[in-house]
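Structure record follows, encoded as structure tokens.
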Amino acid sequence: MKDGLRRSLLVLSPWLALVAVWYAVRLSGLVNPALVPAPHAVAARFADLLWNQGLLTDVAVSTRRVFVGVAVGIALAVPVGFLIGWFRTARHFADPVVNFFRALPPIALIPLVIVYFGVDEPAKIVILIYASFFSGVIVMMEGVAQTNPLFVRVARTLGATPTEVFGRVIVPLTVPHILTALRVALGVSWATLVASELVAAQRGLGSMIQNASTYFLLDVIYVGIICIGVVALLMDLALRRLSARFLAWQERAGS
């Protein structure tokens, strides 16, 4: 019981400290209070948006866009990153190109995306796929390149066929990198969400933030930012649980 209470306090303490700092900044006079809505005012606006203005719809729309963008981006990034990381010649050939496109901010591509894909839903998904793909390729490429080839040589020495080497050695060794690529792509996609929803979006958290900025509704902007952070955190926690479940064999192997 005491351990559970201590753990709960440990989890809640940074959030309570953050709210305290928020109030302190507002009351300190260092910043115009009109520019820093109070936490209770943001909570009241959250309730109003939730019950009266379809906040759940915005959350669902943005979450669906991120989910689709990450799913497609990682599905493409895993085999590409694996091939580039596993074959040295491919890595030397593709590494500069991958890093070139990874460095391009997705928001800079919006005009081209509009030209090629219009302003409907596919344009927003394409931006998120782009962000997920290149972040995922980098993680996979670096992870696979650092895989110890000793495991493969041992498997071959023990008489494993190429199919068995791939299925029983290489795939398990790349699972951690796939899950890491997924987490990184998820974070990058949520960071890119507002940019993707600049493309004539009617619903979504990014669209809500953009519309609120037009009318200087700071409390709505805060609500949108907090919602993005909370949903991204929940998805990341789910991926951590998934990683712990799939990678339990590594802990047993290392013990």
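Labels for the structure tokens follow display order: chains A, B, ..., residues from 1 in each chain, ligands from 1.
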
Mind checking which residues fall within 10 Å of A:Val137, counting only C-alpha atoms, ignoring those fewer than 5 positions away in the same chain, and posting them as an mmCIF file with N, CA, C and O atoms, in the first residue's frame?
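Okay, this is what ended up in selection.cif:
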```cif
data_model
loop_
_atom_site.group_PDB
_atom_site.id
_atom_site.type_symbol
_atom_site.label_atom_id
_atom_site.label_comp_id
_atom_site.auth_asym_id
_atom_site.auth_seq_id
_atom_site.Cartn_x
_atom_site.Cartn_y
_atom_site.Cartn_z
ATOM 1 N N GLY A 73 4.336 4.852 -42.803
ATOM 2 C CA GLY A 73 5.740 5.264 -42.831
ATOM 3 C C GLY A 73 6.679 4.197 -42.293
ATOM 4 O O GLY A 73 7.715 3.906 -42.894
ATOM 5 N N ILE A 74 6.304 3.567 -41.174
ATOM 6 C CA ILE A 74 7.155 2.535 -40.586
ATOM 7 C C ILE A 74 7.123 1.260 -41.423
ATOM 8 O O ILE A 74 8.140 0.564 -41.564
ATOM 9 N N LEU A 76 7.036 1.084 -44.530
ATOM 10 C CA LEU A 76 7.992 1.314 -45.614
ATOM 11 C C LEU A 76 9.424 1.455 -45.095
ATOM 12 O O LEU A 76 10.383 1.035 -45.746
ATOM 13 N N ALA A 77 9.576 2.035 -43.912
ATOM 14 C CA ALA A 77 10.907 2.335 -43.380
ATOM 15 C C ALA A 77 11.639 1.088 -42.909
ATOM 16 O O ALA A 77 12.868 1.007 -43.033
ATOM 17 N N VAL A 78 10.903 0.116 -42.358
ATOM 18 C CA VAL A 78 11.565 -1.067 -41.785
ATOM 19 C C VAL A 78 12.349 -1.844 -42.846
ATOM 20 O O VAL A 78 13.555 -2.095 -42.665
ATOM 21 N N PRO A 79 11.746 -2.247 -43.971
ATOM 22 C CA PRO A 79 12.559 -2.976 -44.964
ATOM 23 C C PRO A 79 13.647 -2.123 -45.594
ATOM 24 O O PRO A 79 14.761 -2.616 -45.837
ATOM 25 N N VAL A 80 13.353 -0.850 -45.846
ATOM 26 C CA VAL A 80 14.372 0.020 -46.446
ATOM 27 C C VAL A 80 15.537 0.218 -45.481
ATOM 28 O O VAL A 80 16.713 0.089 -45.853
ATOM 29 N N GLY A 81 15.219 0.531 -44.228
ATOM 30 C CA GLY A 81 16.268 0.721 -43.234
ATOM 31 C C GLY A 81 17.065 -0.542 -42.993
ATOM 32 O O GLY A 81 18.287 -0.499 -42.782
ATOM 33 N N PHE A 82 16.387 -1.689 -43.025
ATOM 34 C CA PHE A 82 17.089 -2.956 -42.834
ATOM 35 C C PHE A 82 18.089 -3.201 -43.970
ATOM 36 O O PHE A 82 19.241 -3.561 -43.730
ATOM 37 N N LEU A 83 17.647 -3.021 -45.202
ATOM 38 C CA LEU A 83 18.532 -3.257 -46.348
ATOM 39 C C LEU A 83 19.723 -2.309 -46.336
ATOM 40 O O LEU A 83 20.859 -2.722 -46.584
ATOM 41 N N ILE A 84 19.476 -1.043 -46.027
ATOM 42 C CA ILE A 84 20.566 -0.067 -46.012
ATOM 43 C C ILE A 84 21.544 -0.384 -44.885
ATOM 44 O O ILE A 84 22.765 -0.259 -45.034
ATOM 45 N N GLY A 85 20.993 -0.780 -43.731
ATOM 46 C CA GLY A 85 21.863 -1.067 -42.598
ATOM 47 C C GLY A 85 22.620 -2.370 -42.715
ATOM 48 O O GLY A 85 23.751 -2.490 -42.235
ATOM 49 N N ASP A 95 23.016 6.503 -47.624
ATOM 50 C CA ASP A 95 23.093 7.314 -46.404
ATOM 51 C C ASP A 95 23.015 8.820 -46.664
ATOM 52 O O ASP A 95 22.257 9.524 -45.992
ATOM 53 N N VAL A 98 19.346 9.741 -47.632
ATOM 54 C CA VAL A 98 18.423 9.633 -46.498
ATOM 55 C C VAL A 98 18.597 10.816 -45.549
ATOM 56 O O VAL A 98 17.615 11.427 -45.097
ATOM 57 N N ASN A 99 19.832 11.152 -45.238
ATOM 58 C CA ASN A 99 20.076 12.272 -44.319
ATOM 59 C C ASN A 99 19.683 13.606 -44.933
ATOM 60 O O ASN A 99 19.262 14.520 -44.217
ATOM 61 N N ARG A 102 15.889 13.661 -44.559
ATOM 62 C CA ARG A 102 15.518 13.713 -43.148
ATOM 63 C C ARG A 102 15.665 15.119 -42.583
ATOM 64 O O ARG A 102 14.918 15.535 -41.690
ATOM 65 N N SER A 132 7.464 10.226 -40.706
ATOM 66 C CA SER A 132 7.662 8.922 -40.068
ATOM 67 C C SER A 132 8.689 8.084 -40.808
ATOM 68 O O SER A 132 9.517 7.410 -40.189
ATOM 69 N N GLU A 142 20.765 2.612 -38.482
ATOM 70 C CA GLU A 142 21.823 2.648 -37.470
ATOM 71 C C GLU A 142 21.768 1.413 -36.577
ATOM 72 O O GLU A 142 22.801 0.856 -36.198
ATOM 73 N N GLY A 143 20.562 0.969 -36.220
ATOM 74 C CA GLY A 143 20.431 -0.188 -35.345
ATOM 75 C C GLY A 143 20.911 -1.467 -36.001
ATOM 76 O O GLY A 143 21.670 -2.241 -35.403
ATOM 77 N N ILE A 178 12.953 -2.008 -34.514
ATOM 78 C CA ILE A 178 11.646 -1.692 -35.093
ATOM 79 C C ILE A 178 10.794 -0.938 -34.082
ATOM 80 O O ILE A 178 10.153 0.080 -34.405
ATOM 81 N N ALA A 181 12.184 2.530 -33.675
ATOM 82 C CA ALA A 181 11.807 3.343 -34.834
ATOM 83 C C ALA A 181 10.354 3.773 -34.744
ATOM 84 O O ALA A 181 10.002 4.911 -35.096
ATOM 85 N N ALA A 185 9.249 7.600 -34.625
ATOM 86 C CA ALA A 185 8.344 8.087 -35.673
ATOM 87 C C ALA A 185 7.069 8.651 -35.072
ATOM 88 O O ALA A 185 6.516 9.640 -35.580
#
```

For stretch 160-171 of chain A: contacts at 8 Å, only C-alpha atoms, fewer than 5 positions along chain excluded, given as a VMD selection string | chain A and resid 151 to 152 155

Take the residues just selected and output them with N, CA, C and O atoms as a compact mmCIF listing (two decimals), in the first residue's frame.
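Below is the file that was written, result_30.txt:
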```txt
# COMPACT_ATOMS: atom_id res chain seq x y z
N PHE A 151 26.41 -13.43 -34.00
CA PHE A 151 25.24 -14.30 -33.86
C PHE A 151 24.94 -15.04 -35.16
O PHE A 151 24.57 -16.21 -35.16
N VAL A 152 25.09 -14.34 -36.26
CA VAL A 152 24.83 -14.96 -37.57
C VAL A 152 25.87 -16.04 -37.85
O VAL A 152 25.54 -17.14 -38.32
N ALA A 155 25.14 -19.13 -35.80
CA ALA A 155 24.00 -19.88 -36.33
C ALA A 155 24.40 -20.69 -37.56
O ALA A 155 24.01 -21.85 -37.72
```

In terms of only C-alpha atoms, the residue from A:Val66, A:Val188, A:Val21, A:Val199 at minimal distance from A:Val115 is A:Val199

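Of note, atom CA of A:Gly54 and atom CA of A:Phe216 are spaced 19.7 Å apart.
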
A:Val220, A:Ala38, A:Leu150, A:Leu182: which is nearest A:Arg240, counting only C-alpha atoms?
-> A:Leu182

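If you measure from each of A:Thr174, A:Thr180, A:Gln146, A:Ser189 to A:Ile129 using only C-alpha atoms, the closest one turns out to be A:Ser189.
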
Which of these, A:Gln202, A:Leu218, A:Met235, A:Ser243, has the shortest distance to A:Asp58 once you count only C-alpha atoms?
-> A:Gln202

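Take atom CA of A:Val231 and atom CA of A:Met208: the distance between them is 15.4 Å.
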
Write out as number ranges by chain all residues of stretch 20-228 of chain A that DSSP puts in helix (DSSP H, G or I) for this structure's backbone.
-> A: 20-28, 33-35, 39-52, 55-86, 88-103, 106-117, 121-145, 150-157, 162-196, 205-214, 218-228

Spatial neighbours of A:Arg64, max dist 12 Å, only C-alpha atoms, sep filter under 3 positions, as a PyMOL selection string = chain A and resi 57-61+67-71+121+124-125+128+189-190+193+203-205+231

Residue among A:Ala145, A:Leu10, A:Ala47, A:Ile221 lying closest to A:His177, counting only C-alpha atoms |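 Result for the nearest residue to A:His177: A:Ala145.
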
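Among the candidate residues A:Leu18, A:Leu12, A:Ile225, A:Ala75, the one lying nearest to A:Met140 is A:Ala75, with distances computed using only C-alpha atoms.
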
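The coordinates place atom CA of A:Val113 at 11.4 Å from atom CA of A:Leu198.
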